[in-house]
Amino acid sequence: MRHGKKHNHLGRTSAHRKALLSNLSISLIEHKRINTTLAKAKALRRFIEPLVTKAKSNTTHCRRVVFSHLQNKEAVTELFSTIAEKIGDRPGGYVRVIRTAFRNGDSAEMALIEFVDFNPDYYGQGKVQAETESTKGGIKRKRSRRGGKGAKSSGATETAATTAPATEEVVPEPPAEETPKDETSASKEE
């Protein structure tokens with residue numbers, strides 16, 4: 001019986017499990033989010049959160065303790081610099097596990113694990129940024145799925161508007177009056 005054994009063995013020996021969690025941690029620190037199975041993501045969360053807590057106090061001892069778990073200088077430097085600065089004021093819960101789907105080959109439940117403050121889309125900041133990019137020059141353009149004609153013509157009007165001097169006023173020409181056609185000329189055209 002396995003009473004009181006809290007950690008997931010993940011079907012591996014202890015050395016293999018430590019190497020797996022170390023490599024997953026390095027990938028998470030490098031890419032800020034990774035896609036893996038749900039069991040590995042939950043095990044990784046328990047493995048990496050104490051390391052991030054240690055990274056909040058930037059001392060030589062803490063760096064050596066974290067390095068003993070990760071064995072990667074670049075990952076330790078990244079963890080203590082950008083990640084610790086961004087989530088240093090947070091009291092815990094540094095990573096988020098989001099269930100995604102089931103893997104096609106073996107129906108394993110997949111999950112996305114990411115650092116909390118490194119996802120601008122989650123907080124709506126990415127949406128605001130995308131809206132400002134689509135409304136360049138204060139004119140909101142309608143987005144279409146076609147990439148060819150609409151993008152070229154709108155780009156041409158933008159360049160024409162930007163190249164025109166601001167002091168000169170453009171006066172629209174009055175529409176040309178149409179001359180009435182005689183019935184005889186209309187019958188000749190047919």
# chains A, B, ... in the order shown; residues from 1 in each chain; ligands from 1
>>> residues_around(residues="range 31-36 of chain A", least_positions_apart="3", cutoff="9 Å", atoms="only C-alpha atoms", output="short mmCIF file (atom, residue, chain, number, x, y, z; two decimals) with N, CA and C atoms, in the first residue's frame")
data_model
loop_
_atom_site.label_atom_id
_atom_site.label_comp_id
_atom_site.auth_asym_id
_atom_site.auth_seq_id
_atom_site.Cartn_x
_atom_site.Cartn_y
_atom_site.Cartn_z
N LEU A 24 12.15 19.70 -17.64
CA LEU A 24 10.90 20.44 -17.83
C LEU A 24 11.00 21.84 -17.22
N ILE A 26 13.73 23.66 -16.85
CA ILE A 26 14.59 24.47 -17.71
C ILE A 26 13.81 24.94 -18.94
N SER A 27 13.01 24.07 -19.52
CA SER A 27 12.21 24.47 -20.68
C SER A 27 11.17 25.52 -20.31
N LEU A 28 10.56 25.37 -19.14
CA LEU A 28 9.57 26.34 -18.69
C LEU A 28 10.21 27.70 -18.43
N ALA A 39 -0.35 15.17 -15.64
CA ALA A 39 0.38 14.62 -14.49
C ALA A 39 1.76 15.25 -14.37
N LYS A 40 2.46 15.41 -15.51
CA LYS A 40 3.78 16.03 -15.48
C LYS A 40 3.68 17.50 -15.10
N ALA A 41 2.63 18.18 -15.57
CA ALA A 41 2.46 19.60 -15.25
C ALA A 41 2.23 19.80 -13.75
N ILE A 83 12.48 36.54 -14.35
CA ILE A 83 11.32 35.91 -13.70
C ILE A 83 11.16 36.40 -12.27
N THR A 100 -5.82 21.39 -21.53
CA THR A 100 -6.11 21.74 -22.92
C THR A 100 -6.98 20.69 -23.60
N GLU A 109 -4.33 13.17 -21.05
CA GLU A 109 -4.84 14.51 -20.85
C GLU A 109 -3.67 15.49 -20.87
N MET A 110 -3.74 16.48 -21.76
CA MET A 110 -2.66 17.44 -21.94
C MET A 110 -2.97 18.72 -21.19
N ALA A 111 -1.93 19.46 -20.87
CA ALA A 111 -2.09 20.71 -20.13
C ALA A 111 -1.02 21.69 -20.57
N LEU A 112 -1.34 22.96 -20.42
CA LEU A 112 -0.41 24.04 -20.68
C LEU A 112 0.02 24.58 -19.32
N ILE A 113 1.30 24.62 -19.07
CA ILE A 113 1.81 25.19 -17.82
C ILE A 113 2.62 26.42 -18.17
N GLU A 114 2.36 27.52 -17.44
CA GLU A 114 3.01 28.78 -17.76
C GLU A 114 3.21 29.60 -16.51
N PHE A 115 4.15 30.53 -16.58
CA PHE A 115 4.32 31.48 -15.49
C PHE A 115 3.17 32.47 -15.53
N PHE A 118 3.47 36.19 -17.27
CA PHE A 118 4.09 36.26 -18.58
C PHE A 118 3.11 36.00 -19.71
N ASN A 119 1.80 36.06 -19.44
CA ASN A 119 0.80 35.84 -20.48
C ASN A 119 -0.06 37.09 -20.61
#
>>> residues_around(residues="range 49-55 of chain A", least_positions_apart="6", cutoff="9 Å", atoms="only C-alpha atoms", output="PyMOL selection string")
chain A and resi 62-63+65-66+69+76+79-81+83-84+87-88+91-95
>>> select_by_dssp(residues="range 32-103 of chain A", states="alpha helix (DSSP H)", output="PyMOL selection string")
chain A and resi 38-55+60-70+73-78+84-87
>>> write_last_selection(atoms="N, CA and C atoms", output="compact mmCIF listing (two decimals), in the first residue's frame")
# COMPACT_ATOMS: atom_id res chain seq x y z
N LEU A 38 -0.93 16.35 -18.14
CA LEU A 38 -1.44 16.96 -16.92
C LEU A 38 -0.68 16.47 -15.69
N ALA A 39 -0.35 15.17 -15.64
CA ALA A 39 0.38 14.62 -14.49
C ALA A 39 1.76 15.25 -14.37
N LYS A 40 2.46 15.41 -15.51
CA LYS A 40 3.78 16.03 -15.48
C LYS A 40 3.68 17.50 -15.10
N ALA A 41 2.63 18.18 -15.57
CA ALA A 41 2.46 19.60 -15.25
C ALA A 41 2.23 19.80 -13.75
N LYS A 42 1.44 18.93 -13.16
CA LYS A 42 1.18 19.05 -11.71
C LYS A 42 2.44 18.73 -10.91
N ALA A 43 3.21 17.74 -11.36
CA ALA A 43 4.46 17.42 -10.68
C ALA A 43 5.48 18.54 -10.85
N LEU A 44 5.49 19.15 -12.03
CA LEU A 44 6.41 20.26 -12.30
C LEU A 44 6.06 21.47 -11.45
N ARG A 45 4.78 21.71 -11.23
CA ARG A 45 4.38 22.84 -10.40
C ARG A 45 4.92 22.69 -8.99
N ARG A 46 4.83 21.47 -8.43
CA ARG A 46 5.36 21.24 -7.07
C ARG A 46 6.87 21.32 -7.04
N PHE A 47 7.52 21.07 -8.17
CA PHE A 47 8.99 21.10 -8.23
C PHE A 47 9.51 22.52 -8.39
N ILE A 48 8.85 23.34 -9.21
CA ILE A 48 9.43 24.63 -9.58
C ILE A 48 9.04 25.77 -8.65
N GLU A 49 7.91 25.67 -7.98
CA GLU A 49 7.49 26.79 -7.13
C GLU A 49 8.45 27.07 -5.99
N PRO A 50 9.01 26.06 -5.30
CA PRO A 50 10.04 26.38 -4.29
C PRO A 50 11.30 27.02 -4.89
N LEU A 51 11.63 26.66 -6.13
CA LEU A 51 12.80 27.26 -6.78
C LEU A 51 12.56 28.74 -7.07
N VAL A 52 11.33 29.08 -7.48
CA VAL A 52 11.01 30.48 -7.76
C VAL A 52 11.00 31.27 -6.44
N THR A 53 10.54 30.64 -5.37
CA THR A 53 10.57 31.30 -4.07
C THR A 53 12.01 31.60 -3.66
N LYS A 54 12.92 30.67 -3.93
CA LYS A 54 14.33 30.90 -3.62
C LYS A 54 14.91 32.01 -4.50
N ALA A 55 14.40 32.12 -5.72
CA ALA A 55 14.92 33.13 -6.64
C ALA A 55 14.55 34.54 -6.22
N THR A 60 24.01 34.25 -3.11
CA THR A 60 24.85 33.19 -3.68
C THR A 60 24.37 31.82 -3.22
N HIS A 61 23.98 31.72 -1.97
CA HIS A 61 23.50 30.43 -1.45
C HIS A 61 22.25 29.98 -2.20
N CYS A 62 21.30 30.89 -2.41
CA CYS A 62 20.07 30.52 -3.12
C CYS A 62 20.36 30.13 -4.56
N ARG A 63 21.30 30.84 -5.18
CA ARG A 63 21.66 30.47 -6.55
C ARG A 63 22.27 29.07 -6.61
N ARG A 64 23.08 28.73 -5.61
CA ARG A 64 23.70 27.41 -5.60
C ARG A 64 22.67 26.31 -5.33
N VAL A 65 21.71 26.59 -4.47
CA VAL A 65 20.65 25.61 -4.19
C VAL A 65 19.83 25.37 -5.45
N VAL A 66 19.45 26.44 -6.15
CA VAL A 66 18.66 26.30 -7.38
C VAL A 66 19.49 25.61 -8.46
N PHE A 67 20.78 25.93 -8.55
CA PHE A 67 21.63 25.29 -9.54
C PHE A 67 21.76 23.79 -9.27
N SER A 68 21.75 23.38 -8.00
CA SER A 68 21.84 21.95 -7.69
C SER A 68 20.62 21.20 -8.20
N HIS A 69 19.47 21.88 -8.33
CA HIS A 69 18.27 21.24 -8.87
C HIS A 69 18.23 21.29 -10.40
N LEU A 70 18.70 22.40 -10.99
CA LEU A 70 18.54 22.59 -12.43
C LEU A 70 19.76 22.17 -13.25
N LYS A 73 23.26 26.89 -16.11
CA LYS A 73 23.59 28.26 -15.72
C LYS A 73 22.66 29.28 -16.35
N GLU A 74 22.32 29.08 -17.64
CA GLU A 74 21.46 30.04 -18.33
C GLU A 74 20.07 30.09 -17.70
N ALA A 75 19.55 28.92 -17.32
CA ALA A 75 18.23 28.87 -16.70
C ALA A 75 18.25 29.54 -15.32
N VAL A 76 19.32 29.34 -14.57
CA VAL A 76 19.43 29.98 -13.25
C VAL A 76 19.51 31.49 -13.41
N THR A 77 20.29 31.96 -14.38
CA THR A 77 20.40 33.40 -14.62
C THR A 77 19.06 33.99 -15.02
N GLU A 78 18.35 33.32 -15.90
CA GLU A 78 17.02 33.79 -16.34
C GLU A 78 16.03 33.80 -15.18
N ALA A 84 12.26 36.48 -11.52
CA ALA A 84 12.17 36.94 -10.14
C ALA A 84 11.74 38.41 -10.05
N GLU A 85 12.15 39.23 -11.01
CA GLU A 85 11.74 40.64 -11.02
C GLU A 85 10.24 40.76 -11.27
N LYS A 86 9.75 39.96 -12.19
CA LYS A 86 8.35 40.11 -12.60
C LYS A 86 7.38 39.54 -11.57
N ILE A 87 7.72 38.43 -10.92
CA ILE A 87 6.77 37.82 -9.98
C ILE A 87 7.31 37.82 -8.56
>>> atom_distance(atom1="CA of Ile98 in chain A", atom2="CA of Tyr122 in chain A")
11.5 Å
>>> closest_residue(among="A:Asp89, A:Thr37, A:Ile29, A:His16", to="Asp106 in chain A", atoms="only C-alpha atoms")
A:Thr37
